2 protein chains.
Amino acid sequence: MVFSSKLIEDAVNEFSRLPGIGKKTALRMVLHLMKSEESSVDRFTGAIASMRHGIRFCQHCHNVSDSDVCDICTNPARNKRQICVVENIRDVIAIEATQQYNGVYHLLGGILSPLDGIGPEQLNIVKLCQRVKDMEVEELIMALSPTIEGDTTVYYIARQLQQFPISITTIARGIAFGGELEYADEMTLAKSIAKRLPIDNYVSTIAK
Amino acid sequence: MVFSSKLIEDAVNEFSRLPGIGKKTALRMVLHLMKSEESSVDRFTGAIASMRHGIRFCQHCHNVSDSDVCDICTNPARNKRQICVVENIRDVIAIEATQQYNGVYHLLGGILSPLDGIGPEQLNIVKLCQRVKDMEVEELIMALSPTIEGDTTVYYIARQLQQFPISITTIARGIAFGGELEYADEMTLAKSIAKRLPIDNYVSTIAK
């Protein structure tokens, strides 16, 4: 693309560095901002700059935070004895959206993946063991991806913590609500038969 | 979506104001910027702020420009006697990409559309007539959308300029190169038969 303005060209180039944004979409955004009020563009750039410069990571759970300890860890109503172990902030947002979980979190920052060069020292695992040791943690809920890497990570963490008297659980796998049996993959279907629930248990799950 | 950080939340809200960006895409971009180097985020916000505060419109053609007169209008190699009339900057970028046009432009800033409240006074039409009057313009090439509004605009401008000895043309409509006849709409096909070209002319077109 040929632009008659270096200012537009620079802005388009910067936008097109964002994930999933090509030159045409970038141009659409730049032209939109060009036509917006100066004050609203200042608010846009200001919010991004403050976010990048001001963002911190919670000392306890490694979640993003505006202060040294995040809102979830400081909330006295949350159960500090229950830690949900997740990969990243997106998972926290997804679980918080259910409004069903009242414990705290621990963000690993990824999962073990030797092929990508991600070993235990790249993840926040030592810190997790420390938390389990220092606080009186009762349960670790492993909410990682149902992949080989996710399972390896669960197994690795469980082994690191075997001397502590805590219960380690993983979130239930199975057929999604509203999902059709015939479209489920074989692995999921097989597991959901193997881990079948007594009907009382099932009724209490959907009644919740 | 519930965010544990106000900084992230503000940045996501600002991003999701952009055209075609929902909350999930906005979050993806914010997390990308959060993980980027501070200097590269500063370059991003800087480019957008300079663009918005520094952008100007060419006094002659109303194209976006970094100075009072745009690069195309100041270029001595461009033919100032030939003006291509377009709706907006996107059309200029598209025509410039062909590298086949050597005249200058005039951006109307839209097309006549009474239903949307866009009359002649909302567009840069008076300025166009002034340019035709003041400079020795020989040809106006109307490159507007082939819609009723586009045709109305062409007609309106032609009437305003009827006392000047200039030729007013419109870009050719027809079947696109590589287009299949059977998929062309009836209107385009009918026009392309009515405006058929002698074969010599056709050969010289594709040879160009």
# chains A, B, ... in the order shown; residues from 1 in each chain; ligands from 1

call {"tool": "residues_around", "arguments": {"residues": "range 57-64 of chain B", "least_positions_apart": "4", "cutoff": "6 Å", "atoms": "only C-alpha atoms", "output": "list in words"}}
result
Asp68, Val69, Cys70, Tyr105, His106 and Leu107 of chain B

call {"tool": "write_last_selection", "arguments": {"atoms": "C-alpha atoms", "output": "JSON list (two decimals), in the first residue's frame"}}
result
[["chain", "number", "residue", "atom", "x", "y", "z"],
["B", 68, "ASP", "CA", -0.37, 21.95, 4.08],
["B", 69, "VAL", "CA", -0.10, 20.55, 0.56],
["B", 70, "CYS", "CA", 0.13, 16.79, -0.02],
["B", 105, "TYR", "CA", -6.91, 13.88, -7.06],
["B", 106, "HIS", "CA", -9.82, 15.64, -5.49],
["B", 107, "LEU", "CA", -11.46, 14.03, -2.45]]

call {"tool": "select_by_dssp", "arguments": {"residues": "range 111-178 of chain B", "states": "helix (DSSP H, G or I)", "output": "NGL selection string"}}
result
:B and (114-116 or 120-122 or 125-134 or 148-160)

call {"tool": "select_by_dssp", "arguments": {"residues": "range 151-191 of chain B", "states": "strand (DSSP E)", "output": "CSV table (one decimal) with N, CA and C atoms, in the first residue's frame"}}
result
chain,number,residue,atom,x,y,z
B,167,SER,N,-13.2,18.1,-20.3
B,167,SER,CA,-13.9,16.8,-20.6
B,167,SER,C,-14.1,16.1,-19.2
B,168,ILE,N,-15.3,15.6,-19.0
B,168,ILE,CA,-15.6,14.9,-17.8
B,168,ILE,C,-15.8,13.4,-18.2
B,169,THR,N,-15.1,12.5,-17.6
B,169,THR,CA,-15.2,11.1,-17.9
B,169,THR,C,-15.5,10.3,-16.7
B,170,THR,N,-15.9,9.1,-16.8
B,170,THR,CA,-16.0,8.2,-15.6
B,170,THR,C,-15.2,7.0,-15.9

call {"tool": "interface_residues", "arguments": {"of": "chain B", "to": "chain A", "cutoff": "7 Å", "atoms": "only C-alpha atoms", "output": "ChimeraX atom specification"}}
result
/B:1-8,10-11,14,18-19,29,34,38,42,44-45,47-52,55,64-66,70-71,93,96-97

call {"tool": "write_last_selection", "arguments": {"atoms": "N, CA, C and O atoms", "output": "short mmCIF file (atom, residue, chain, number, x, y, z; two decimals), in the first residue's frame"}}
result
data_model
loop_
_atom_site.label_atom_id
_atom_site.label_comp_id
_atom_site.auth_asym_id
_atom_site.auth_seq_id
_atom_site.Cartn_x
_atom_site.Cartn_y
_atom_site.Cartn_z
N MET B 1 -17.33 -9.67 30.89
CA MET B 1 -16.02 -10.14 31.34
C MET B 1 -15.61 -9.44 32.63
O MET B 1 -15.79 -8.23 32.76
N VAL B 2 -15.05 -10.20 33.56
CA VAL B 2 -14.59 -9.64 34.83
C VAL B 2 -13.06 -9.63 34.78
O VAL B 2 -12.44 -10.67 34.53
N PHE B 3 -12.46 -8.48 34.97
CA PHE B 3 -11.00 -8.40 34.98
C PHE B 3 -10.54 -8.14 36.39
O PHE B 3 -11.19 -7.41 37.13
N SER B 4 -9.41 -8.70 36.77
CA SER B 4 -8.93 -8.42 38.12
C SER B 4 -8.09 -7.14 38.13
O SER B 4 -7.59 -6.74 39.16
N SER B 5 -7.94 -6.51 36.97
CA SER B 5 -7.14 -5.29 36.90
C SER B 5 -7.90 -4.20 36.16
O SER B 5 -8.38 -4.39 35.04
N LYS B 6 -8.00 -3.05 36.80
CA LYS B 6 -8.68 -1.90 36.19
C LYS B 6 -7.91 -1.42 34.97
O LYS B 6 -8.49 -0.97 33.98
N LEU B 7 -6.57 -1.52 35.02
CA LEU B 7 -5.73 -1.07 33.91
C LEU B 7 -6.04 -1.89 32.66
O LEU B 7 -6.18 -1.36 31.56
N ILE B 8 -6.13 -3.22 32.83
CA ILE B 8 -6.45 -4.10 31.71
C ILE B 8 -7.86 -3.80 31.22
O ILE B 8 -8.11 -3.67 30.02
N ASP B 10 -9.64 -1.04 31.40
CA ASP B 10 -9.72 0.21 30.65
C ASP B 10 -9.16 0.04 29.24
O ASP B 10 -9.75 0.52 28.26
N ALA B 11 -8.02 -0.63 29.14
CA ALA B 11 -7.39 -0.80 27.83
C ALA B 11 -8.29 -1.65 26.92
O ALA B 11 -8.46 -1.33 25.74
N GLU B 14 -11.18 0.46 25.69
CA GLU B 14 -10.78 1.41 24.65
C GLU B 14 -10.60 0.70 23.31
O GLU B 14 -11.04 1.18 22.28
N LEU B 18 -12.99 0.33 18.79
CA LEU B 18 -12.55 0.37 17.39
C LEU B 18 -13.50 -0.45 16.53
O LEU B 18 -14.12 -1.39 17.01
N PRO B 19 -13.63 -0.10 15.24
CA PRO B 19 -14.60 -0.80 14.39
C PRO B 19 -14.25 -2.28 14.23
O PRO B 19 -13.11 -2.63 13.93
N MET B 29 -5.46 -8.40 22.05
CA MET B 29 -4.50 -7.35 21.71
C MET B 29 -3.86 -6.77 22.96
O MET B 29 -2.66 -6.49 22.98
N MET B 34 0.67 -6.20 26.56
CA MET B 34 1.16 -6.35 27.92
C MET B 34 2.49 -7.12 27.93
O MET B 34 3.38 -6.82 28.71
N GLU B 38 8.25 -2.46 26.69
CA GLU B 38 7.66 -1.14 26.93
C GLU B 38 7.96 -0.19 25.77
O GLU B 38 7.13 0.58 25.35
N ASP B 42 5.38 1.98 23.55
CA ASP B 42 5.50 3.43 23.44
C ASP B 42 5.51 3.87 21.98
O ASP B 42 4.95 4.91 21.62
N PHE B 44 4.03 2.29 19.57
CA PHE B 44 2.65 2.10 19.10
C PHE B 44 1.79 3.31 19.48
O PHE B 44 1.18 3.94 18.62
N THR B 45 1.77 3.65 20.79
CA THR B 45 0.92 4.76 21.21
C THR B 45 1.43 6.08 20.63
O THR B 45 0.65 6.94 20.25
N ALA B 47 2.95 6.56 17.71
CA ALA B 47 2.61 6.68 16.29
C ALA B 47 1.15 7.12 16.14
O ALA B 47 0.82 7.94 15.28
N ILE B 48 0.27 6.58 17.00
CA ILE B 48 -1.14 6.93 16.89
C ILE B 48 -1.38 8.38 17.34
O ILE B 48 -2.09 9.13 16.69
N ALA B 49 -0.72 8.75 18.45
CA ALA B 49 -0.90 10.12 18.93
C ALA B 49 -0.35 11.13 17.91
O ALA B 49 -1.03 12.12 17.60
N SER B 50 0.84 10.87 17.35
CA SER B 50 1.40 11.83 16.37
C SER B 50 0.49 11.89 15.15
O SER B 50 0.29 12.96 14.57
N MET B 51 -0.03 10.74 14.75
CA MET B 51 -0.91 10.72 13.57
C MET B 51 -2.11 11.62 13.82
O MET B 51 -2.40 12.52 13.04
N ARG B 52 -2.78 11.40 14.98
CA ARG B 52 -4.02 12.17 15.22
C ARG B 52 -3.74 13.66 15.37
O ARG B 52 -4.48 14.50 14.86
N ILE B 55 -1.93 15.11 11.76
CA ILE B 55 -2.48 14.93 10.43
C ILE B 55 -3.16 16.21 9.93
O ILE B 55 -3.79 16.94 10.70
N VAL B 64 -5.33 13.34 2.95
CA VAL B 64 -4.58 13.49 4.19
C VAL B 64 -3.13 13.80 3.83
O VAL B 64 -2.63 13.37 2.79
N SER B 65 -2.48 14.55 4.69
CA SER B 65 -1.15 15.04 4.36
C SER B 65 -0.40 15.36 5.63
O SER B 65 -1.00 15.64 6.67
N ASP B 66 0.94 15.31 5.56
CA ASP B 66 1.73 15.69 6.73
C ASP B 66 2.01 17.18 6.73
O ASP B 66 2.49 17.73 7.71
N CYS B 70 -0.29 18.20 -0.07
CA CYS B 70 0.13 16.79 -0.02
C CYS B 70 1.23 16.47 -1.03
O CYS B 70 1.50 17.26 -1.95
N ASP B 71 1.86 15.33 -0.85
CA ASP B 71 2.97 14.91 -1.70
C ASP B 71 2.57 14.80 -3.17
O ASP B 71 3.38 15.05 -4.06
N ILE B 93 -5.68 5.41 -2.22
CA ILE B 93 -4.71 4.34 -2.00
C ILE B 93 -4.88 3.25 -3.05
O ILE B 93 -3.90 2.74 -3.61
N GLU B 96 -3.62 4.64 -6.48
CA GLU B 96 -2.16 4.77 -6.45
C GLU B 96 -1.48 3.40 -6.55
O GLU B 96 -0.41 3.27 -7.16
N ALA B 97 -2.12 2.37 -5.98
CA ALA B 97 -1.53 1.03 -6.02
C ALA B 97 -1.42 0.48 -7.44
O ALA B 97 -0.59 -0.37 -7.72
#

call {"tool": "residues_around", "arguments": {"residues": "range 145-156 of chain A", "least_positions_apart": "4", "cutoff": "8 Å", "atoms": "only C-alpha atoms", "output": "short mmCIF file (atom, residue, chain, number, x, y, z; two decimals) with N, CA and C atoms, in the first residue's frame"}}
result
data_model
loop_
_atom_site.label_atom_id
_atom_site.label_comp_id
_atom_site.auth_asym_id
_atom_site.auth_seq_id
_atom_site.Cartn_x
_atom_site.Cartn_y
_atom_site.Cartn_z
N ILE A 111 2.36 -24.16 30.25
CA ILE A 111 2.41 -25.54 30.72
C ILE A 111 3.70 -26.17 30.22
N LEU A 112 4.10 -27.25 30.85
CA LEU A 112 5.35 -27.92 30.48
C LEU A 112 5.29 -28.35 29.02
N SER A 113 6.31 -27.98 28.26
CA SER A 113 6.33 -28.35 26.85
C SER A 113 7.78 -28.39 26.39
N GLN A 160 5.73 -33.23 42.86
CA GLN A 160 6.45 -32.27 43.68
C GLN A 160 5.80 -32.09 45.05
#

call {"tool": "atom_distance", "arguments": {"atom1": "CA of Glu87 in chain A", "atom2": "CA of Tyr183 in chain A"}}
result
27.4 Å

call {"tool": "closest_residue", "arguments": {"among": "B:Ala143, B:Leu128, B:Leu189, B:Ala184", "to": "Leu161 in chain B", "atoms": "only C-alpha atoms"}}
result
B:Leu128

call {"tool": "atom_distance", "arguments": {"atom1": "CA of Arg159 in chain B", "atom2": "CA of Lys133 in chain B"}}
result
14.2 Å

call {"tool": "closest_residue", "arguments": {"among": "A:Ala190, A:Ile83, A:Ala172, A:Ile157", "to": "Val137 in chain A", "atoms": "only C-alpha atoms"}}
result
A:Ile83
